[in-house]
Every structure is written in C-alpha cells, then in structure tokens.
Amino acid sequence: MVEDGSKIFSREALDRLRLPEKLDTLLPITTPLTWMALSAVVLLLFSVVLWSIFGSFTEKADGLGMIMDSAGVVNISHIRR
C-alpha cells in the first residue's frame with residue numbers, strides 16, 4: 001500500500017502536467033459526424049414546432065357518430081359546406 005499520496009503518480013507525469021505547452025490546443029470532444037447528427041435533430045425539432053404552429057390537416061371525412069356520457073347517447077353529424 002502507498003502511504004504517501006505523492007507516490008501515486010510518477011515525477012515525470014507530474015512535471016509534464018505542470019508545463020503549459022498544450023494549453024492553447026483544442027480538446028476534441030465531438031466529431032463532425034456528431035455535429036451533423038445534432039444539427040439534423042435540431043432541424044427536425046424546429047420543423048415540428050413550426051408545423052405545430054402553422055400547419056394543419058386538410059383531410060375531411062363524412063360520417064356519423066355518437067357521444068356516450070352519463071346523460072345518455074347523443075347523435076352528432078357534421079355540417080356540410
């Protein structure tokens with residue numbers, strides 16, 4: 001067992017961490033493929049939000065129906081225009 005905490009890492013590794021040689025280099029976190037996938041998801045979500053605000057279904061169907069609740073059965077039909 002190591003009793004002193006300074007013996008965990010080698011002296012060379014600690015000296016290398018203290019040098020500011022690589023402080024100005026970027027750390028690659030994501031790849032271009034990840035950015036493309038993220039932008040596709042954002043574009044899809046943006047399209048869904050726009051469609052939910054401005055879009056509508058234009059299909060209409062003829063038919064009859066009934067509504068059932070505690071008061072009884074009520075027939076309904078649409079008004080033809």
# chains A, B, ... in the order shown; residues from 1 in each chain; ligands from 1

call {"tool": "select_by_dssp", "arguments": {"residues": "chain A", "states": "strand (DSSP E or B)", "output": "list in words"}}
result
Leu64, Gly65, Met66, Ile67, Met68, Asp69, Gly72, Val73, Val74, Asn75, Ile76 and Ser77 of chain A

call {"tool": "write_last_selection", "arguments": {"atoms": "all heavy atoms", "output": "PDB file, in the first residue's frame"}}
result
ATOM      1  N   LEU A  64     -71.101   9.701 -39.447  1.00  0.00           N
ATOM      2  CA  LEU A  64     -71.966   9.937 -38.306  1.00  0.00           C
ATOM      3  C   LEU A  64     -71.295   9.368 -37.075  1.00  0.00           C
ATOM      4  O   LEU A  64     -70.474   8.465 -37.157  1.00  0.00           O
ATOM      5  CB  LEU A  64     -73.329   9.278 -38.509  1.00  0.00           C
ATOM      6  CG  LEU A  64     -74.153   9.781 -39.698  1.00  0.00           C
ATOM      7  CD1 LEU A  64     -75.387   8.921 -39.873  1.00  0.00           C
ATOM      8  CD2 LEU A  64     -74.544  11.228 -39.484  1.00  0.00           C
ATOM      9  N   GLY A  65     -71.678   9.874 -35.917  1.00  0.00           N
ATOM     10  CA  GLY A  65     -71.100   9.361 -34.695  1.00  0.00           C
ATOM     11  C   GLY A  65     -72.052   9.501 -33.527  1.00  0.00           C
ATOM     12  O   GLY A  65     -73.110  10.123 -33.622  1.00  0.00           O
ATOM     13  N   MET A  66     -71.679   8.906 -32.419  1.00  0.00           N
ATOM     14  CA  MET A  66     -72.477   9.015 -31.202  1.00  0.00           C
ATOM     15  C   MET A  66     -71.554   9.350 -30.046  1.00  0.00           C
ATOM     16  O   MET A  66     -70.433   8.858 -29.974  1.00  0.00           O
ATOM     17  CB  MET A  66     -73.193   7.693 -30.905  1.00  0.00           C
ATOM     18  CG  MET A  66     -74.266   7.345 -31.890  1.00  0.00           C
ATOM     19  SD  MET A  66     -75.287   5.958 -31.393  1.00  0.00           S
ATOM     20  CE  MET A  66     -74.109   4.668 -31.161  1.00  0.00           C
ATOM     21  N   ILE A  67     -72.039  10.208 -29.164  1.00  0.00           N
ATOM     22  CA  ILE A  67     -71.304  10.541 -27.951  1.00  0.00           C
ATOM     23  C   ILE A  67     -72.035   9.899 -26.787  1.00  0.00           C
ATOM     24  O   ILE A  67     -73.241  10.078 -26.626  1.00  0.00           O
ATOM     25  CB  ILE A  67     -71.211  12.067 -27.747  1.00  0.00           C
ATOM     26  CG1 ILE A  67     -70.423  12.691 -28.896  1.00  0.00           C
ATOM     27  CG2 ILE A  67     -70.584  12.391 -26.408  1.00  0.00           C
ATOM     28  CD1 ILE A  67     -70.331  14.189 -28.827  1.00  0.00           C
ATOM     29  N   MET A  68     -71.325   9.144 -25.994  1.00  0.00           N
ATOM     30  CA  MET A  68     -71.936   8.490 -24.837  1.00  0.00           C
ATOM     31  C   MET A  68     -71.356   9.095 -23.570  1.00  0.00           C
ATOM     32  O   MET A  68     -70.149   9.173 -23.401  1.00  0.00           O
ATOM     33  CB  MET A  68     -71.662   6.983 -24.870  1.00  0.00           C
ATOM     34  CG  MET A  68     -72.226   6.293 -26.088  1.00  0.00           C
ATOM     35  SD  MET A  68     -71.839   4.548 -26.145  1.00  0.00           S
ATOM     36  CE  MET A  68     -72.683   3.947 -24.726  1.00  0.00           C
ATOM     37  N   ASP A  69     -72.224   9.563 -22.707  1.00  0.00           N
ATOM     38  CA  ASP A  69     -71.798  10.027 -21.391  1.00  0.00           C
ATOM     39  C   ASP A  69     -72.868   9.639 -20.378  1.00  0.00           C
ATOM     40  O   ASP A  69     -73.784   8.872 -20.675  1.00  0.00           O
ATOM     41  CB  ASP A  69     -71.517  11.528 -21.392  1.00  0.00           C
ATOM     42  CG  ASP A  69     -72.737  12.376 -21.708  1.00  0.00           C
ATOM     43  OD1 ASP A  69     -73.802  11.808 -21.981  1.00  0.00           O
ATOM     44  OD2 ASP A  69     -72.606  13.613 -21.670  1.00  0.00           O
ATOM     45  N   GLY A  72     -76.630  10.099 -21.361  1.00  0.00           N
ATOM     46  CA  GLY A  72     -77.220   9.231 -22.375  1.00  0.00           C
ATOM     47  C   GLY A  72     -76.446   9.311 -23.675  1.00  0.00           C
ATOM     48  O   GLY A  72     -75.326   9.799 -23.731  1.00  0.00           O
ATOM     49  N   VAL A  73     -77.074   8.847 -24.739  1.00  0.00           N
ATOM     50  CA  VAL A  73     -76.455   8.798 -26.054  1.00  0.00           C
ATOM     51  C   VAL A  73     -76.945   9.992 -26.862  1.00  0.00           C
ATOM     52  O   VAL A  73     -78.136  10.291 -26.902  1.00  0.00           O
ATOM     53  CB  VAL A  73     -76.805   7.485 -26.780  1.00  0.00           C
ATOM     54  CG1 VAL A  73     -76.221   7.467 -28.179  1.00  0.00           C
ATOM     55  CG2 VAL A  73     -76.311   6.299 -25.977  1.00  0.00           C
ATOM     56  N   VAL A  74     -76.007  10.691 -27.516  1.00  0.00           N
ATOM     57  CA  VAL A  74     -76.341  11.843 -28.342  1.00  0.00           C
ATOM     58  C   VAL A  74     -75.784  11.594 -29.734  1.00  0.00           C
ATOM     59  O   VAL A  74     -74.619  11.239 -29.889  1.00  0.00           O
ATOM     60  CB  VAL A  74     -75.725  13.140 -27.756  1.00  0.00           C
ATOM     61  CG1 VAL A  74     -76.056  14.325 -28.637  1.00  0.00           C
ATOM     62  CG2 VAL A  74     -76.191  13.369 -26.345  1.00  0.00           C
ATOM     63  N   ASN A  75     -76.621  11.766 -30.756  1.00  0.00           N
ATOM     64  CA  ASN A  75     -76.165  11.628 -32.137  1.00  0.00           C
ATOM     65  C   ASN A  75     -75.527  12.940 -32.592  1.00  0.00           C
ATOM     66  O   ASN A  75     -76.021  14.016 -32.284  1.00  0.00           O
ATOM     67  CB  ASN A  75     -77.324  11.279 -33.065  1.00  0.00           C
ATOM     68  CG  ASN A  75     -77.815   9.873 -32.858  1.00  0.00           C
ATOM     69  OD1 ASN A  75     -77.032   8.989 -32.561  1.00  0.00           O
ATOM     70  ND2 ASN A  75     -79.107   9.664 -33.018  1.00  0.00           N
ATOM     71  N   ILE A  76     -74.451  12.836 -33.336  1.00  0.00           N
ATOM     72  CA  ILE A  76     -73.802  14.023 -33.880  1.00  0.00           C
ATOM     73  C   ILE A  76     -73.572  13.827 -35.360  1.00  0.00           C
ATOM     74  O   ILE A  76     -73.492  12.696 -35.857  1.00  0.00           O
ATOM     75  CB  ILE A  76     -72.433  14.309 -33.195  1.00  0.00           C
ATOM     76  CG1 ILE A  76     -71.486  13.124 -33.356  1.00  0.00           C
ATOM     77  CG2 ILE A  76     -72.623  14.660 -31.738  1.00  0.00           C
ATOM     78  CD1 ILE A  76     -70.086  13.430 -32.954  1.00  0.00           C
ATOM     79  N   SER A  77     -73.531  14.921 -36.086  1.00  0.00           N
ATOM     80  CA  SER A  77     -73.153  14.878 -37.504  1.00  0.00           C
ATOM     81  C   SER A  77     -72.509  16.209 -37.854  1.00  0.00           C
ATOM     82  O   SER A  77     -72.698  17.202 -37.166  1.00  0.00           O
ATOM     83  CB  SER A  77     -74.380  14.607 -38.378  1.00  0.00           C
ATOM     84  OG  SER A  77     -75.285  15.691 -38.278  1.00  0.00           O
TER      85      SER A  77
END
